[in-house]
$ cat structure.txt   # compact mmCIF, C-alpha atoms (C1' of nucleotides)
# COMPACT_ATOMS: atom_id res chain seq x y z
CA MET U 605 -34.18 -21.04 -26.89
CA THR U 606 -30.87 -21.34 -28.62
CA SER U 607 -30.46 -24.52 -30.57
CA ALA U 608 -28.94 -27.59 -28.96
CA PRO U 609 -25.85 -26.66 -27.01
CA ARG U 610 -23.59 -27.32 -29.94
CA SER U 611 -19.86 -27.19 -29.56
CA LEU U 612 -17.31 -25.13 -31.35
CA ASP U 613 -15.44 -26.35 -34.38
CA ALA U 614 -11.68 -26.37 -34.54
CA THR U 615 -11.39 -23.05 -36.31
CA GLN U 616 -13.56 -21.25 -33.81
CA LEU U 617 -11.70 -22.75 -30.92
CA GLY U 618 -8.46 -21.76 -32.53
CA ALA U 619 -9.59 -18.19 -33.01
CA TYR U 620 -10.85 -17.96 -29.46
CA PHE U 621 -7.75 -19.38 -27.83
CA ALA U 622 -5.42 -17.43 -30.07
CA LEU U 623 -7.23 -14.24 -29.21
CA ILE U 624 -7.04 -14.82 -25.49
CA GLU U 625 -3.48 -16.02 -25.47
CA ALA U 626 -2.13 -13.42 -27.83
CA SER U 627 -3.72 -10.59 -25.93
CA SER U 628 -2.57 -11.99 -22.60
CA LEU U 629 0.99 -12.40 -23.72
CA LEU U 630 1.03 -8.97 -25.26
CA LYS U 631 -0.50 -7.37 -22.25
CA HIS U 632 1.96 -8.99 -19.92
CA ALA U 633 4.89 -7.87 -21.98
CA VAL U 634 3.57 -4.35 -22.24
CA GLU U 635 2.85 -4.26 -18.54
CA GLN U 636 6.38 -5.18 -17.75
CA GLN U 637 7.79 -2.53 -20.03
CA LEU U 638 5.54 0.13 -18.55
CA ARG U 639 6.49 -0.90 -15.07
CA ASP U 640 10.17 -0.78 -15.86
CA ALA U 641 10.12 2.41 -17.87
CA GLY U 642 7.75 4.55 -15.88
CA ASP U 643 6.34 2.60 -12.97
CA LEU U 644 2.91 2.57 -14.53
CA SER U 645 0.33 -0.16 -14.54
CA TYR U 646 -1.45 -0.86 -17.78
CA VAL U 647 -4.61 0.89 -16.71
CA GLN U 648 -2.65 3.90 -15.58
CA PHE U 649 -1.00 4.07 -18.95
CA GLN U 650 -4.31 3.75 -20.72
CA LEU U 651 -5.73 6.54 -18.63
CA LEU U 652 -2.81 8.85 -19.26
CA ALA U 653 -2.79 8.04 -22.95
CA THR U 654 -6.51 8.68 -23.23
CA LEU U 655 -6.18 11.97 -21.41
CA GLY U 656 -3.20 12.95 -23.51
CA ASP U 657 -5.32 12.52 -26.61
CA SER U 658 -8.27 14.43 -25.23
CA PRO U 659 -8.98 18.10 -25.82
CA ALA U 660 -7.39 20.10 -23.01
CA GLY U 661 -6.11 16.82 -21.61
CA SER U 662 -9.33 16.39 -19.67
CA ARG U 663 -12.16 13.91 -19.33
CA ARG U 664 -14.90 13.11 -16.94
CA MET U 665 -14.50 9.95 -14.92
CA THR U 666 -17.44 8.32 -16.64
CA ASP U 667 -16.07 8.99 -20.09
CA LEU U 668 -12.78 7.52 -19.04
CA ALA U 669 -14.50 4.45 -17.71
CA ASP U 670 -16.30 3.98 -20.99
CA GLY U 671 -13.07 4.15 -22.92
CA VAL U 672 -11.24 1.72 -20.70
CA VAL U 673 -12.96 -1.52 -19.79
CA TYR U 674 -12.49 -1.17 -16.07
CA SER U 675 -14.93 -0.88 -13.24
CA ARG U 676 -15.80 2.47 -11.76
CA SER U 677 -14.25 1.68 -8.45
CA GLY U 678 -11.04 0.53 -10.05
CA LEU U 679 -10.94 3.74 -12.00
CA THR U 680 -11.32 5.77 -8.83
CA TYR U 681 -8.48 3.86 -7.27
CA GLN U 682 -6.14 4.43 -10.17
CA ALA U 683 -7.08 8.06 -10.52
CA GLN U 684 -6.24 8.56 -6.87
CA THR U 685 -2.92 6.87 -7.36
CA LEU U 686 -2.10 8.99 -10.37
CA GLU U 687 -3.15 12.11 -8.51
CA LYS U 688 -0.86 11.27 -5.60
CA ARG U 689 1.99 11.03 -8.04
CA GLY U 690 1.07 14.36 -9.58
CA LEU U 691 0.41 12.93 -13.02
CA VAL U 692 -3.22 14.06 -13.13
CA THR U 693 -5.46 16.49 -11.29
CA ARG U 694 -9.07 16.00 -10.32
CA THR U 695 -11.51 18.86 -10.11
CA GLN U 696 -15.24 19.17 -9.64
CA SER U 697 -17.20 20.15 -12.68
CA SER U 698 -18.89 23.51 -12.32
CA ASP U 699 -22.08 22.60 -14.16
CA ASP U 700 -22.53 19.22 -12.50
CA GLU U 701 -21.41 19.19 -8.93
CA ARG U 702 -21.07 15.41 -8.82
CA SER U 703 -18.91 15.08 -11.86
CA VAL U 704 -15.15 14.93 -11.56
CA THR U 705 -12.91 16.11 -14.37
CA VAL U 706 -9.55 14.44 -14.62
CA THR U 707 -6.76 16.35 -16.32
CA ILE U 708 -3.29 15.22 -17.23
CA THR U 709 -0.46 17.37 -15.90
CA ASP U 710 2.77 18.30 -17.61
CA GLU U 711 4.48 15.78 -15.45
CA GLY U 712 1.97 13.22 -16.61
CA ARG U 713 2.77 14.04 -20.19
CA GLY U 714 6.41 13.71 -19.32
CA VAL U 715 5.97 10.19 -18.05
CA LEU U 716 3.92 9.36 -21.10
CA ALA U 717 6.68 10.63 -23.36
CA LYS U 718 9.28 8.73 -21.42
CA VAL U 719 7.37 5.51 -21.73
CA PHE U 720 6.14 5.71 -25.30
CA PRO U 721 9.21 4.72 -27.29
CA GLY U 722 9.67 1.50 -25.40
CA HIS U 723 6.00 0.80 -25.68
CA ILE U 724 6.13 1.06 -29.43
CA THR U 725 9.21 -1.10 -29.55
CA VAL U 726 7.45 -3.85 -27.66
CA LEU U 727 4.51 -3.69 -30.01
CA ASP U 728 6.75 -3.80 -33.03
CA GLU U 729 8.79 -6.69 -31.81
CA LEU U 730 6.05 -8.80 -30.35
CA LEU U 731 2.88 -8.08 -32.23
CA PHE U 732 3.73 -6.60 -35.59
CA ALA U 733 6.97 -8.36 -36.39
CA PRO U 734 5.43 -11.61 -37.61
CA LEU U 735 2.60 -9.91 -39.47
CA SER U 736 2.42 -8.38 -42.92
CA ARG U 737 0.96 -5.02 -43.65
CA ALA U 738 -2.15 -6.71 -44.99
CA ASP U 739 -2.41 -8.90 -41.92
CA ILE U 740 -2.44 -5.87 -39.68
CA GLU U 741 -5.12 -4.19 -41.71
CA THR U 742 -7.24 -7.30 -41.72
CA LEU U 743 -6.74 -7.83 -38.03
CA ALA U 744 -7.73 -4.26 -37.26
CA ASP U 745 -10.84 -4.57 -39.38
CA ILE U 746 -12.07 -7.85 -37.98
CA LEU U 747 -11.36 -7.05 -34.37
CA ALA U 748 -12.87 -3.61 -34.67
CA ARG U 749 -16.08 -5.19 -35.86
CA ALA U 750 -16.05 -7.69 -33.04
CA ARG U 751 -15.33 -5.00 -30.48
CA ASP U 752 -18.06 -2.71 -31.75
CA HIS U 753 -20.52 -5.54 -31.69
CA MET U 754 -19.59 -6.42 -28.11
CA ARG U 755 -19.86 -2.83 -27.02
CA ARG U 756 -23.33 -2.66 -28.45
CA THR U 757 -24.40 -5.95 -26.95
CA PRO U 758 -25.32 -5.72 -23.28
CA PRO U 759 -23.60 -8.28 -21.05
CA ARG U 760 -26.67 -10.45 -20.66
CA SER U 761 -27.70 -9.20 -17.25
CA ALA U 762 -26.87 -5.58 -17.45
CA GLU U 763 -30.25 -4.31 -16.47
CA PRO U 764 -29.02 -1.39 -14.46
CA ARG U 765 -31.07 -2.22 -11.40
CA ARG U 766 -34.49 -3.74 -11.31
CA ARG U 767 -36.39 -1.80 -8.77
CA ARG U 768 -39.57 -3.21 -7.32
CA LYS U 769 -42.51 -1.00 -7.99
CA PRO U 770 -45.00 -0.08 -5.25
CA ALA U 771 -47.53 -2.60 -6.55
CA GLY U 772 -49.19 -3.41 -9.83
CA THR U 773 -47.54 -0.44 -11.49
CA ASP U 774 -45.59 -2.43 -13.98
CA GLN U 775 -45.11 -0.82 -17.32
CA LEU U 776 -42.02 -1.34 -19.39
CA PRO U 777 -39.35 1.35 -19.35
CA MET D 34 20.09 1.70 -30.29
CA THR D 35 16.87 1.00 -32.08
CA SER D 36 16.09 3.37 -34.90
CA ALA D 37 14.43 6.67 -34.17
CA PRO D 38 11.52 6.16 -31.76
CA ARG D 39 8.98 6.21 -34.53
CA SER D 40 5.30 6.16 -33.80
CA LEU D 41 2.58 3.82 -34.92
CA ASP D 42 0.41 4.52 -37.92
CA ALA D 43 -3.35 4.57 -37.69
CA THR D 44 -3.79 1.00 -38.80
CA GLN D 45 -1.36 -0.37 -36.28
CA LEU D 46 -2.91 1.64 -33.51
CA GLY D 47 -6.30 0.39 -34.59
CA ALA D 48 -5.19 -3.22 -34.55
CA TYR D 49 -3.56 -2.82 -31.16
CA PHE D 50 -6.50 -1.13 -29.50
CA ALA D 51 -9.02 -3.42 -31.11
CA LEU D 52 -7.09 -6.43 -29.90
CA ILE D 53 -6.90 -5.20 -26.35
CA GLU D 54 -10.46 -3.99 -26.17
CA ALA D 55 -12.02 -6.96 -27.88
CA SER D 56 -10.21 -9.42 -25.68
CA SER D 57 -11.02 -7.45 -22.54
CA LEU D 58 -14.68 -7.22 -23.35
CA LEU D 59 -14.86 -10.86 -24.26
CA LYS D 60 -13.00 -11.92 -21.20
CA HIS D 61 -15.23 -9.90 -18.93
CA ALA D 62 -18.34 -11.35 -20.46
CA VAL D 63 -17.01 -14.86 -20.23
CA GLU D 64 -15.92 -14.32 -16.66
CA GLN D 65 -19.35 -13.25 -15.67
CA GLN D 66 -20.97 -16.23 -17.32
CA LEU D 67 -18.52 -18.59 -15.63
CA ARG D 68 -19.14 -16.98 -12.29
CA ASP D 69 -22.88 -17.23 -12.66
CA ALA D 70 -22.99 -20.72 -14.09
CA GLY D 71 -20.38 -22.49 -12.03
CA ASP D 72 -18.73 -20.06 -9.67
CA LEU D 73 -15.47 -20.31 -11.55
CA SER D 74 -12.94 -17.65 -12.31
CA TYR D 75 -11.54 -17.52 -15.79
CA VAL D 76 -8.25 -19.08 -14.75
CA GLN D 77 -10.03 -21.82 -12.93
CA PHE D 78 -12.02 -22.57 -16.03
CA GLN D 79 -8.91 -22.57 -18.17
CA LEU D 80 -7.24 -24.96 -15.79
CA LEU D 81 -10.17 -27.33 -15.69
CA ALA D 82 -10.57 -27.18 -19.45
CA THR D 83 -6.89 -27.84 -19.98
CA LEU D 84 -6.98 -30.77 -17.61
CA GLY D 85 -10.12 -32.09 -19.20
CA ASP D 86 -8.34 -32.21 -22.53
CA SER D 87 -5.23 -33.84 -21.15
CA PRO D 88 -4.52 -37.57 -21.19
CA ALA D 89 -5.76 -39.04 -17.91
CA GLY D 90 -6.95 -35.57 -16.96
CA SER D 91 -3.57 -34.83 -15.45
CA ARG D 92 -0.78 -32.31 -15.85
CA ARG D 93 2.17 -31.11 -13.92
CA MET D 94 1.92 -27.65 -12.46
CA THR D 95 4.64 -26.35 -14.71
CA ASP D 96 2.94 -27.61 -17.85
CA LEU D 97 -0.27 -25.97 -16.74
CA ALA D 98 1.53 -22.71 -16.15
CA ASP D 99 2.95 -22.85 -19.64
CA GLY D 100 -0.46 -23.38 -21.15
CA VAL D 101 -2.12 -20.62 -19.22
CA VAL D 102 -0.38 -17.27 -19.08
CA TYR D 103 -0.46 -16.96 -15.32
CA SER D 104 2.27 -16.70 -12.77
CA ARG D 105 3.39 -19.73 -10.83
CA SER D 106 2.17 -18.36 -7.56
CA GLY D 107 -1.22 -17.52 -8.99
CA LEU D 108 -1.45 -21.01 -10.32
CA THR D 109 -0.71 -22.47 -6.91
CA TYR D 110 -3.41 -20.33 -5.42
CA GLN D 111 -6.03 -21.40 -7.92
CA ALA D 112 -5.04 -25.03 -7.74
CA GLN D 113 -5.51 -24.90 -3.99
CA THR D 114 -8.89 -23.31 -4.40
CA LEU D 115 -9.97 -25.92 -6.91
CA GLU D 116 -8.68 -28.67 -4.65
CA LYS D 117 -10.68 -27.35 -1.71
CA ARG D 118 -13.77 -27.53 -3.85
CA GLY D 119 -12.92 -31.06 -4.87
CA LEU D 120 -12.66 -30.27 -8.55
CA VAL D 121 -9.05 -31.39 -8.85
CA THR D 122 -6.60 -33.44 -6.84
CA ARG D 123 -2.92 -32.78 -6.35
CA THR D 124 -0.43 -35.55 -5.86
CA GLN D 125 3.33 -35.78 -5.72
CA SER D 126 4.98 -37.29 -8.71
CA SER D 127 6.75 -40.51 -7.96
CA ASP D 128 9.68 -39.96 -10.26
CA ASP D 129 10.30 -36.37 -9.26
CA GLU D 130 9.60 -35.70 -5.66
CA ARG D 131 9.18 -31.95 -6.18
CA SER D 132 6.72 -32.15 -8.99
CA VAL D 133 3.00 -31.97 -8.37
CA THR D 134 0.51 -33.59 -10.67
CA VAL D 135 -2.90 -32.02 -10.88
CA THR D 136 -5.81 -34.20 -11.93
CA ILE D 137 -9.37 -33.26 -12.66
CA THR D 138 -12.01 -35.14 -10.69
CA ASP D 139 -15.39 -36.35 -11.87
CA GLU D 140 -16.92 -33.50 -10.01
CA GLY D 141 -14.58 -31.17 -11.85
CA ARG D 142 -15.73 -32.61 -15.14
CA GLY D 143 -19.26 -32.12 -13.97
CA VAL D 144 -18.76 -28.44 -13.36
CA LEU D 145 -17.06 -28.15 -16.70
CA ALA D 146 -20.00 -29.78 -18.41
CA LYS D 147 -22.43 -27.55 -16.58
CA VAL D 148 -20.61 -24.45 -17.63
CA PHE D 149 -19.77 -25.26 -21.22
CA PRO D 150 -23.05 -24.62 -23.03
CA GLY D 151 -23.36 -21.12 -21.68
CA HIS D 152 -19.75 -20.51 -22.45
CA ILE D 153 -20.27 -21.40 -26.05
CA THR D 154 -23.36 -19.28 -26.22
CA VAL D 155 -21.45 -16.25 -25.03
CA LEU D 156 -18.77 -16.84 -27.62
CA ASP D 157 -21.32 -17.24 -30.35
CA GLU D 158 -23.25 -14.16 -29.44
CA LEU D 159 -20.39 -11.86 -28.66
CA LEU D 160 -17.43 -12.91 -30.71
CA PHE D 161 -18.61 -14.95 -33.66
CA ALA D 162 -21.93 -13.32 -34.41
CA PRO D 163 -20.57 -10.34 -36.33
CA LEU D 164 -17.93 -12.37 -38.15
CA SER D 165 -18.10 -14.46 -41.28
CA ARG D 166 -16.69 -17.90 -41.58
CA ALA D 167 -13.76 -16.50 -43.51
CA ASP D 168 -13.20 -13.82 -40.91
CA ILE D 169 -12.90 -16.41 -38.21
CA GLU D 170 -10.44 -18.46 -40.20
CA THR D 171 -8.35 -15.41 -40.96
CA LEU D 172 -8.45 -14.26 -37.39
CA ALA D 173 -7.37 -17.64 -36.13
CA ASP D 174 -4.51 -17.72 -38.58
CA ILE D 175 -3.17 -14.26 -37.89
CA LEU D 176 -3.47 -14.43 -34.15
CA ALA D 177 -1.96 -17.87 -34.00
CA ARG D 178 1.08 -16.56 -35.79
CA ALA D 179 1.32 -13.61 -33.46
CA ARG D 180 0.90 -15.81 -30.41
CA ASP D 181 3.50 -18.30 -31.54
CA HIS D 182 5.92 -15.53 -32.22
CA MET D 183 5.38 -14.05 -28.79
CA ARG D 184 5.81 -17.40 -27.13
CA ARG D 185 9.10 -17.84 -28.89
CA THR D 186 10.29 -14.36 -28.10
CA PRO D 187 11.59 -13.93 -24.59
CA PRO D 188 10.07 -11.01 -22.69
CA ARG D 189 13.13 -8.84 -23.06
CA SER D 190 14.58 -9.61 -19.66
CA ALA D 191 13.51 -13.13 -19.11
CA GLU D 192 16.91 -14.68 -18.92
CA PRO D 193 16.07 -17.00 -16.07
CA ARG D 194 19.28 -16.06 -14.41
CA ARG D 195 22.44 -15.99 -16.42
CA ARG D 196 25.03 -17.82 -14.46
CA ARG D 197 28.61 -17.15 -15.39
CA LYS D 198 30.33 -20.18 -16.74
CA PRO D 199 33.72 -21.21 -15.34
CA ALA D 200 35.35 -20.09 -18.59
CA GLY D 201 35.05 -20.89 -22.27
CA THR D 202 32.74 -23.83 -21.62
CA ASP D 203 29.95 -22.66 -23.83
CA GLN D 204 28.22 -25.21 -25.97
CA LEU D 205 24.58 -25.07 -26.88
CA PRO D 206 22.09 -27.32 -25.08
C1' DA T 764 30.04 -38.96 -2.39
C1' DT T 765 29.50 -34.02 -1.86
C1' DG T 766 29.01 -29.41 -2.62
C1' DA T 767 27.31 -26.05 -6.28
C1' DT T 768 23.75 -25.08 -9.18
C1' DG T 769 19.19 -25.64 -11.17
C1' DT T 770 14.26 -26.73 -10.93
C1' DG T 771 9.37 -27.15 -9.05
C1' DC T 772 6.39 -25.47 -6.11
C1' DT T 773 4.72 -22.73 -2.15
C1' DT T 774 4.56 -18.86 1.03
C1' DC T 775 4.55 -14.08 1.88
C1' DG T 776 3.47 -9.21 1.36
C1' DG T 777 1.69 -5.80 -1.35
C1' DA T 778 -0.95 -4.09 -5.23
C1' DT T 779 -4.95 -4.22 -7.95
C1' DT T 780 -9.34 -5.77 -9.04
C1' DC T 781 -14.42 -6.04 -8.66
C1' DG T 782 -19.36 -5.61 -6.91
C1' DA T 783 -22.31 -3.90 -3.49
C1' DA T 784 -23.49 -0.33 -0.70
C1' DG T 785 -23.32 4.53 0.39
C1' DC T 786 -23.45 9.53 -0.44
C1' DA T 787 -24.42 13.62 -2.85
C1' DA T 788 -26.23 16.10 -6.64
C1' DC T 789 -29.47 16.21 -10.60
C1' DT T 790 -34.05 15.40 -13.01
C1' DG T 791 -38.71 14.77 -13.82
C1' DC T 792 -43.26 14.95 -12.61
C1' DC T 793 -47.14 16.17 -9.59
C1' DG F 1172 -41.61 23.68 -4.51
C1' DG F 1173 -40.77 18.96 -3.35
C1' DC F 1174 -40.22 14.10 -3.34
C1' DA F 1175 -39.14 9.65 -6.18
C1' DG F 1176 -35.91 7.96 -9.07
C1' DT F 1177 -31.39 8.41 -11.53
C1' DT F 1178 -26.73 9.33 -12.04
C1' DG F 1179 -21.63 10.16 -10.78
C1' DC F 1180 -18.35 8.96 -7.90
C1' DT F 1181 -16.30 6.96 -3.67
C1' DT F 1182 -15.78 3.71 0.11
C1' DC F 1183 -15.68 -0.89 1.80
C1' DG F 1184 -14.59 -5.75 2.00
C1' DA F 1185 -13.20 -9.72 -0.21
C1' DA F 1186 -10.96 -12.06 -3.96
C1' DT F 1187 -7.22 -12.46 -6.98
C1' DC F 1188 -3.05 -11.42 -8.83
C1' DC F 1189 2.08 -10.98 -9.13
C1' DG F 1190 7.22 -11.04 -7.92
C1' DA F 1191 10.55 -12.08 -4.56
C1' DA F 1192 12.07 -15.06 -1.28
C1' DG F 1193 12.12 -19.62 0.64
C1' DC F 1194 12.18 -24.71 0.78
C1' DA F 1195 13.02 -29.22 -0.85
C1' DC F 1196 14.46 -32.31 -4.31
C1' DA F 1197 17.57 -33.21 -8.60
C1' DT F 1198 21.47 -32.96 -11.32
C1' DC F 1199 26.13 -32.09 -12.47
C1' DA F 1200 30.94 -31.65 -11.80
C1' DT F 1201 34.41 -32.55 -9.15
$ encode --input "structure.txt" --output "structure tokens"
Amino acid sequence: MTSAPRSLDATQLGAYFALIEASSLLKHAVEQQLRDAGDLSYVQFQLLATLGDSPAGSRRMTDLADGVVYSRSGLTYQAQTLEKRGLVTRTQSSDDERSVTVTITDEGRGVLAKVFPGHITVLDELLFAPLSRADIETLADILARARDHMRRTPPRSAEPRRRRKPAGTDQLP
Amino acid sequence: MTSAPRSLDATQLGAYFALIEASSLLKHAVEQQLRDAGDLSYVQFQLLATLGDSPAGSRRMTDLADGVVYSRSGLTYQAQTLEKRGLVTRTQSSDDERSVTVTITDEGRGVLAKVFPGHITVLDELLFAPLSRADIETLADILARARDHMRRTPPRSAEPRRRRKPAGTDQLP
DNA sequence: ATGATGTGCTTCGGATTCGAAGCAACTGCC
DNA sequence: GGCAGTTGCTTCGAATCCGAAGCACATCAT
């Protein structure tokens, strides 16, 4: 299928490791700041920030899950947590009874506002400080392309559920 | 304290989000492949790979923790797991009674070898496919600088415990 | 030596994660 | 209409993660 299981050259390895390490370090630092400043986990912050940017401060669970990279069940868990703290509300959609609309509350926006300045400071000091303007632009461009490609490419076993047909009725979807 | 709590411009935001999303997506995909191919978590793979690259296939716990971004306790947990499966051994250092040396076993190398080809395939298909040679070089360069900077920069409250000196006895290490 | 401090690792408890399974509501097709 | 299949979300159980506290050895100053 693919050609011989070749190995990666030094540059590729470097890019791969640097990507993983840089994002891990950054994420850890950001997580700590969020925890200290507003008692938020990273996902919780992402959810609030996404909602804060959304029209009417609302989104369906599914849309949220698409934006963030988390599992559905994890999203449910965090949404519950945020609801308990009064930072979001959850309401049934009227047109689709199954669908749940999550909305950020004023208190949620308050926490977001309280946490933002420190968040930006961390980014400035850790990520942007050693990079030039041009670096940042280049980085954004390259990573955006990689991300978009990955989003388009199914995870290699993402068939949503292969159901067995009654018998012999096997046409492709 | 810091200057006015400015906000990020579009490019910076783009770079930040792209970094987080791209690394998350990549990590998830890699994790799945590792799970399927060798029943390894990502950390476990990182540990084995690090050991495999080390002289004599050995490292002290602390050195491993520095290489990977994980917490000490998490490292202990994974090392135990790997030991149970016979992929590494743990032995006391002779010169420092507290220190534990982790060594990869032949079986560990076997798992590593079994998992590698698929690992590389995932990287090729997901990360490198949409990027040019030059992109990869640039990416490696920029992210390496960012990573090195972050490693140098203490996490803003990482003073390992500032003991008060008796008085005036302050020379640098 | 000997106590004070520092270091290396583990244990402990709690939080967060995921996938699989379950439930309820929607859709399409006969 | 009415049932098969799909979709949206939650629940469940197990795995994994982290920080704080604990333990044992090392090192340093007295």
$ calpha_fit_rmsd --input "structure.txt" --fixed "chain D" --moving "chain U"
1.9 Å
$ closest_residue --input "structure.txt" --among "D:Arg131, D:Lys117, D:Arg93, D:Lys60" --to "chain T" --atoms "all atoms listed in the file"
D:Arg131
$ residues_near_point --input "structure.txt" --point "(-12.7, 8.5, -21.5)" --cutoff "12 Å" --atoms "all atoms listed in the file" --output "JSON, numbers by chain"
{"U": [650, 651, 652, 653, 654, 655, 656, 657, 658, 659, 661, 662, 663, 664, 665, 666, 667, 668, 669, 670, 671, 672, 673, 674, 676, 679, 705, 706, 707]}
$ closest_atom_pairs --input "structure.txt" --of "chain D" --to "chain F" --cutoff "12 Å" --atoms "all atoms listed in the file" --output "tab-separated table"
residue	atom	partner	partner_atom	distance
D:Ser74	CA	F:DT1187	C1'	9.4
D:Tyr75	CA	F:DT1187	C1'	11.0
D:Val76	CA	F:DT1187	C1'	10.3
D:Gln77	CA	F:DT1187	C1'	11.4
D:Tyr103	CA	F:DC1188	C1'	8.9
D:Ser104	CA	F:DC1189	C1'	6.8
D:Arg105	CA	F:DC1189	C1'	9.0
D:Ser106	CA	F:DC1189	C1'	7.5
D:Gly107	CA	F:DC1188	C1'	6.4
D:Leu108	CA	F:DC1188	C1'	9.8
D:Thr109	CA	F:DC1188	C1'	11.5
D:Tyr110	CA	F:DT1187	C1'	8.9
D:Gln111	CA	F:DT1187	C1'	9.1
D:Thr114	CA	F:DT1187	C1'	11.3
D:Gln125	CA	F:DC1196	C1'	11.7
D:Ser126	CA	F:DC1196	C1'	11.6
D:Ser127	CA	F:DC1196	C1'	11.8
D:Asp128	CA	F:DA1197	C1'	10.5
D:Asp129	CA	F:DC1196	C1'	7.6
D:Glu130	CA	F:DC1196	C1'	6.1
D:Arg131	CA	F:DC1196	C1'	5.6
D:Ser132	CA	F:DC1196	C1'	9.0
D:Pro199	CA	F:DA1200	C1'	11.4
$ closest_atom_pairs --input "structure.txt" --of "chain T" --to "chain U" --cutoff "12 Å" --atoms "only C-alpha atoms (C1' of nucleotides)" --output "JSON lines"
{"residue": "T:DA778", "atom": "C1'", "partner": "U:Ser645", "partner_atom": "CA", "distance": 10.2}
{"residue": "T:DT779", "atom": "C1'", "partner": "U:Gly678", "partner_atom": "CA", "distance": 8.0}
{"residue": "T:DT780", "atom": "C1'", "partner": "U:Gly678", "partner_atom": "CA", "distance": 6.6}
{"residue": "T:DC781", "atom": "C1'", "partner": "U:Ser675", "partner_atom": "CA", "distance": 6.9}
{"residue": "T:DG782", "atom": "C1'", "partner": "U:Ser677", "partner_atom": "CA", "distance": 9.0}
{"residue": "T:DA783", "atom": "C1'", "partner": "U:Ser677", "partner_atom": "CA", "distance": 11.0}
{"residue": "T:DC786", "atom": "C1'", "partner": "U:Arg702", "partner_atom": "CA", "distance": 10.5}
{"residue": "T:DA787", "atom": "C1'", "partner": "U:Arg702", "partner_atom": "CA", "distance": 7.1}
{"residue": "T:DA788", "atom": "C1'", "partner": "U:Arg702", "partner_atom": "CA", "distance": 5.6}
{"residue": "T:DC789", "atom": "C1'", "partner": "U:Asp700", "partner_atom": "CA", "distance": 7.8}
$ atom_distance --input "structure.txt" --atom1 "atom CA of Gln45 of chain D" --atom2 "atom CA of Arg737 of chain U"
9.0 Å
$ interface_residues --input "structure.txt" --of "chain U" --to "chain D" --cutoff "8 Å" --atoms "only C-alpha atoms" --output "NGL selection string"
:U and (609-612 or 615-616 or 618-620 or 622-631 or 633 or 672-673 or 721 or 724-725 or 730-732 or 734-735 or 739-741 or 743-751 or 753-755 or 757 or 759)
$ atom_distance --input "structure.txt" --atom1 "atom CA of Thr122 of chain D" --atom2 "atom CA of Asp69 of chain D"
23.7 Å
$ atom_distance --input "structure.txt" --atom1 "atom CA of Val719 of chain U" --atom2 "atom CA of Thr695 of chain U"
25.9 Å
